[in-house]
Structures are given as C-alpha cells and as structure tokens.
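A.B. asks: Sharing a structure here in structure tokens format.
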Amino acid sequence: IGYAIVPMIARGAMLGPDQPVILHMLDIEPAAESLNGVKMELIDAAFPLLKGVVATTDVQEACKGVNVAVMVGGFPRKEGMERKDVMSKNVSIYKAQASALEKNAAADVKVLVVANPANTNALILKEFAPSIPEKNITCLTRLDHNRALGQISEKLNVHVGDVKNVIIWGNHSSTQYPDVNHATVTTSGGEKPVRELVANDQWLNTEFITTVQQRGAAIIKARKLSSALSAASSACDHIRDWVLGTPKGSWVSMGVYSDGSYGIQPGLVYSFPVTCEKGQWSIVQGLKIDEFSRGKLDATAQELIEEKSLAHSCLN
Ligand code: LMR
C-alpha cells in the first residue's frame with residue numbers, strides 16, 4: 001500500500017492539486033535499503049508538488065511534525081487467515097506508533113488507520129495517544145464504500161461516479177453492513193433510488209452484501225496479496241474529503257469514534273455515513289433504519305466489542 005500511495009500523494013490525489021507536500025515514509029530496519037530505493041524513485045519522478053522526502057526506520061523521526069498520518073504499517077493478512085489472527089501482532093505495533101505520534105506529530109494531526117484490524121487498531125491508537133483529539137483518529141472503510149459503489153455500477157451498467165450515498169456500517173471486516181437503502185443513481189431523468197433501479201431486493205439483501213463483505217478476501221485469493229492500489233486510492237479519497245470537504249448532497253463512510261449515534265455504544269471506532277466541512281467530519285443523522293438493517297448494525301457492533309476486549313487481552 002505504501003508503494004502505491006506515495007505517488008498518488010505526490011501527484012496531489014490526497015491533498016489537492018495546489019498543495020505542496022513533504023512525505024515522511026517509515027519502514028522496518030530490514031527494509032531500509034528498499035525504502036531508500038523508493039525515495040530515489042520519488043526524486044526521479046520529479047513531482048512538482050513534492051517538496052521533500054524523509055525515508056526512515058526511526059518511528060520518532062517519521063512522526064516529527066506530521067499533519068496527516070496514514071497508518072499502513074502492519075502484519076498483512078494472508079490467504080486463509082482471519083482478521084483476528086493478525087490482531088496480536090498489530091495492536092502492539094499500534095500502541096508503539098501511538099506514543100510516537102503523541103510525542104512528535106502536529107497537535108492537530110489527522111490520523112487514518114488502514115492496517116487491520118483497522119477499527120480496533122484505531123481504538124488502541126486513541127488510548128495510547130490521549131492528547132490527540134478523538135475526532136482526529138479515524139479508520140478506513142472508504143475502501144468498502146468504494147467497493148459497494150463499484151458493485152452497484154457494474155450491476156446497473158452505469159458510471160460509478162453517478163452512484164452515491166451507499167453506507168458502510170461498522171467494522172472493516174466480513175461483518176460490515178453495506179447498506180443501499182439511501183443510495184441513489186443520477187440518471188438523465190434525475191436522481192433515482194438504487195433499490196428502484198436494481199429492482200431485485202433478493203440480490204441487494206444477499207449477494208451484494210456478501211460480495212462487498214468478502215471482497216478483501218477475494219482480492220487476497222486472486223492476487224495472493226492483499227489489496228494495495230484500491231486501498232491506497234481509497235485512503236487518498238478519505239483524507240481528501242476529510243480535509244477539503246464532501247460534495248454537497250452526498251456523504252461518505254468513515255470509521256470514527258462513536259458518540260452513541262444510531263444506538264452504537266460510545267467507545268467503539270465504528271463506520272458511519274459522514275459529511276465533512278472545514279476539516280471536520282459529522283455523522284449524518286436521522287436516517288431511517290429498518291429492522292433488517294438494525295440487526296446488521298448491531299451484529300457488527302458486537303464484533304467490535306469482542307475485538308476490543310481481545311485487543312486488550314493481547315496487550316496485557
Ligand atoms: C481489504 O479489505 O482488502 C484488506 O483489509 C485486506 C483484508 O485483510 O481483508
């Protein structure tokens with residue numbers, strides 16, 4: 001993901017075409033030489049927006065003064081592994097990186113956790129970086145959101161840019177709930193509900209949901225590696241909308257600290273529909289939740305409650 005995301009950032013896909021950037025890249029000691037090779041490539045690509053590159057294996061140096069931290073580091077899931085299998089390896093990495101961010105990052109740093117288990121890693125990061133406001137610590141479910149848009153666009157044979165307002169609720173895992181009840185497609189005759197256009201509730205309530213839930217595993221099976229370019233691109237989308245704002249009339253999905261909205265217990269990092277303005281996200285309120293959806297929202301919350309206690313037992 002790191003190799004895929006750095007050229008995207010350097011080309012302005014994350015912070016806009018007019019925003020110069022200084023990239024800080026962190027890797028583990030055995031990868032120091034290859035990390036330096038990436039730095040060489042970034043120089044060779046002569047990106048006009050790229051004003052500096054720091055390539056380091058020192059987490060303190062990597063975090064120094066950063067305004068945006070995209071946490072892609074972690075032990076990746078391999079074929080046949082469940083997300084819980086990577087839990088113990090990754091929560092301890094997040095505990096260490098939280099302390100480095102707390103000590104070195106800009107006071108208003110915006111943090112996006114990508115590595116799995118993303119929601120729970122973000123929660124651990126928040127616990128061990130108490131001076132970073134909880135509003136500034138998020139996790140990636142934009143990848144799932146984009147996957148849902150992609151599936152609807154393929155099904156209806158419409159451009160993905162014309163589909164909007166799907167929602168990913170909950171955990172970035174196979175219990176997530178991709179919800180199309182409020183999603184629409186822009187057509188020549190105006191905006192139409194996805195449910196009306198697909199006209200196949202059976203597909204929307206079964207195959208569509210499982211395809212999005214299982215997409216990460218399907219990519220691992222096909223590539224023998226976990227998703228990288230789609231994760232990198234979605235991470236850019238997440239930060240861009242957070243910093244520069246969501247388009248009028250549409251929302252995106254972000255894993256954020258629950259304030260109790262939609263009956264989700266506070267103290268979990270849970271994916272909600274959000275709009276962003278002036279660098280702040282807010283949860284979209286007042287959406288109608290039917291009984292089918294209620295069960296799905298609660299099931300994914302329950303998994304997060306279990307992950308949270310498993311993470312704490314790993315750290316003890
Ligand atoms: C993904 O969704 O592609 C990644 O989170 C990989 C995984 O482990 O599911």
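The way I read the labels, and the way they are meant: chains A, B, ... in the order of the structure tokens, residue 1 as the first residue of every chain, and ligand 1 as the first ligand shown, with later ones counted on from there.
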Which residues are near ligand 1 - at most 9 Å, using only C-alpha atoms and all ligand atoms? Format: as a VMD selection string.

C.D. replies: chain A and resid 76 to 79 81 to 83 86 114 to 118 140 to 141 143 to 144 172 to 174 213 to 220 225 to 228 230 to 231

A.B. asks: Neighbours of Leu23 (chain A) within 10 Å (only C-alpha atoms; same-chain residues fewer than 6 positions away dropped), as a PyMOL selection string?

C.D. replies: chain A and resi 6+9-10+39+42+50-55+62+66+68

A.B. asks: So how far away is CA of Val269 (chain A) from CA of Asn136 (chain A), in Å?

C.D. replies: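 Atom-to-atom, CA of Asn136 (chain A) to CA of Val269 (chain A), that is 11.8 Å.
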
A.B. asks: So that I can see what lies close to region 149-166 of chain A, please list as a VMD selection string the residues with an atom at most 12 Å from it, counting only C-alpha atoms and leaving out residues fewer than 5 positions away in the same chain.

C.D. replies: chain A and resid 141 to 144 177 to 188 190 to 200 203 to 204 207 to 213 215 230 246 to 254 272 to 275 284 287

A.B. asks: From the list A:Leu112, A:Met25, A:Asn36, A:Ile43, which residue is nearest Lys126 (chain A) when using only C-alpha atoms?

C.D. replies: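 Nearest candidate to Lys126 (chain A) out of A:Leu112, A:Met25, A:Asn36, A:Ile43: A:Leu112.
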
A.B. asks: Using only C-alpha atoms, which protein or nucleic acid residues come within 6 Å of Ala98 (chain A)? Drop anything in the same chain fewer than 6 positions from it, and give the result as a compact mmCIF listing (two decimals) with N, CA and C atoms, in the first residue's frame.

C.D. replies:
# COMPACT_ATOMS: atom_id res chain seq x y z
N LEU A 125 -4.79 3.02 19.21
CA LEU A 125 -4.01 4.23 18.97
C LEU A 125 -4.56 5.39 19.79
N PHE A 128 -3.58 5.14 23.47
CA PHE A 128 -2.17 5.38 23.79
C PHE A 128 -1.66 6.71 23.24
N ALA A 129 -2.55 7.51 22.69
CA ALA A 129 -2.18 8.87 22.27
C ALA A 129 -3.25 9.80 22.83

A.B. asks: So which residues of region 170-288 of chain A fall under helix (DSSP H, G or I) by DSSP, listed as a count of residues only?

C.D. replies: 45

A.B. asks: Going by DSSP on the backbone, which residues of region 51-259 of chain A come out as strand (DSSP E)? List them as an NGL selection string.

C.D. replies: :A and (51-56 or 68-71 or 110-113 or 137-139 or 163-164 or 167-169 or 177-179 or 184-187 or 190-193 or 252-257)

A.B. asks: Skipping near chain neighbours, those fewer than 2 positions away, what residues fall within 12 Å of Gln280 (chain A) using only C-alpha atoms, listed as a list in words?

C.D. replies: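 In the requested format, the answer is Asp108, Lys110, Pro133, Glu134, Lys135, Asn136, Ile137, Thr138, Ile239, Arg240, Asp241, Trp242, Val243, Leu244, Gly245, Thr246, Met254, Val256, Val274, Thr275, Cys276, Glu277, Lys278, Ser282 and Ile283 of chain A.
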
A.B. asks: Could you pull the residues within 7 Å of region 293-305 of chain A, counting only C-alpha atoms, minus those fewer than 6 positions along the same chain, as a VMD selection string?

C.D. replies: chain A and resid 169 to 171 175 to 177 264 268

A.B. asks: With N, CA and C atoms retained, export the selected residues as a CSV table (one decimal), in the first residue's frame.

C.D. replies:
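Just written: result-v8.csv:
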chain,number,residue,atom,x,y,z
A,169,TRP,N,-21.6,0.4,7.4
A,169,TRP,CA,-21.8,0.5,8.8
A,169,TRP,C,-20.8,-0.5,9.5
A,170,GLY,N,-20.1,0.0,10.6
A,170,GLY,CA,-19.5,-1.0,11.5
A,170,GLY,C,-18.0,-1.2,11.2
A,171,ASN,N,-17.7,-2.5,11.2
A,171,ASN,CA,-16.3,-3.0,11.2
A,171,ASN,C,-15.8,-3.1,9.8
A,175,THR,N,-18.2,-8.7,8.9
A,175,THR,CA,-19.5,-8.4,9.5
A,175,THR,C,-20.0,-7.0,9.1
A,176,GLN,N,-19.2,-6.2,8.4
A,176,GLN,CA,-19.6,-4.9,8.0
A,176,GLN,C,-21.0,-5.0,7.3
A,177,TYR,N,-21.8,-3.9,7.3
A,177,TYR,CA,-23.1,-3.9,6.6
A,177,TYR,C,-23.1,-2.8,5.5
A,264,ILE,N,-25.2,3.0,18.6
A,264,ILE,CA,-24.0,2.3,18.7
A,264,ILE,C,-23.2,2.8,19.9
A,268,LEU,N,-16.5,2.9,20.7
A,268,LEU,CA,-16.0,2.0,19.6
A,268,LEU,C,-15.7,2.8,18.4

A.B. asks: CA of Ser258 (chain A) and CA of Ala122 (chain A) are how many Å apart?

C.D. replies: 12.2 Å

A.B. asks: Between CA of Ser131 (chain A) and CA of Gly16 (chain A), what distance in Å does the model show, to one decimal?

C.D. replies: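 So the answer is 28.0 Å.
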
A.B. asks: Nearest to His238 (chain A): which of A:Leu35, A:Cys63, A:Ala96, A:Cys139 is it, counting only C-alpha atoms?

C.D. replies: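 For His238 (chain A), the nearest of the candidates is A:Cys139.
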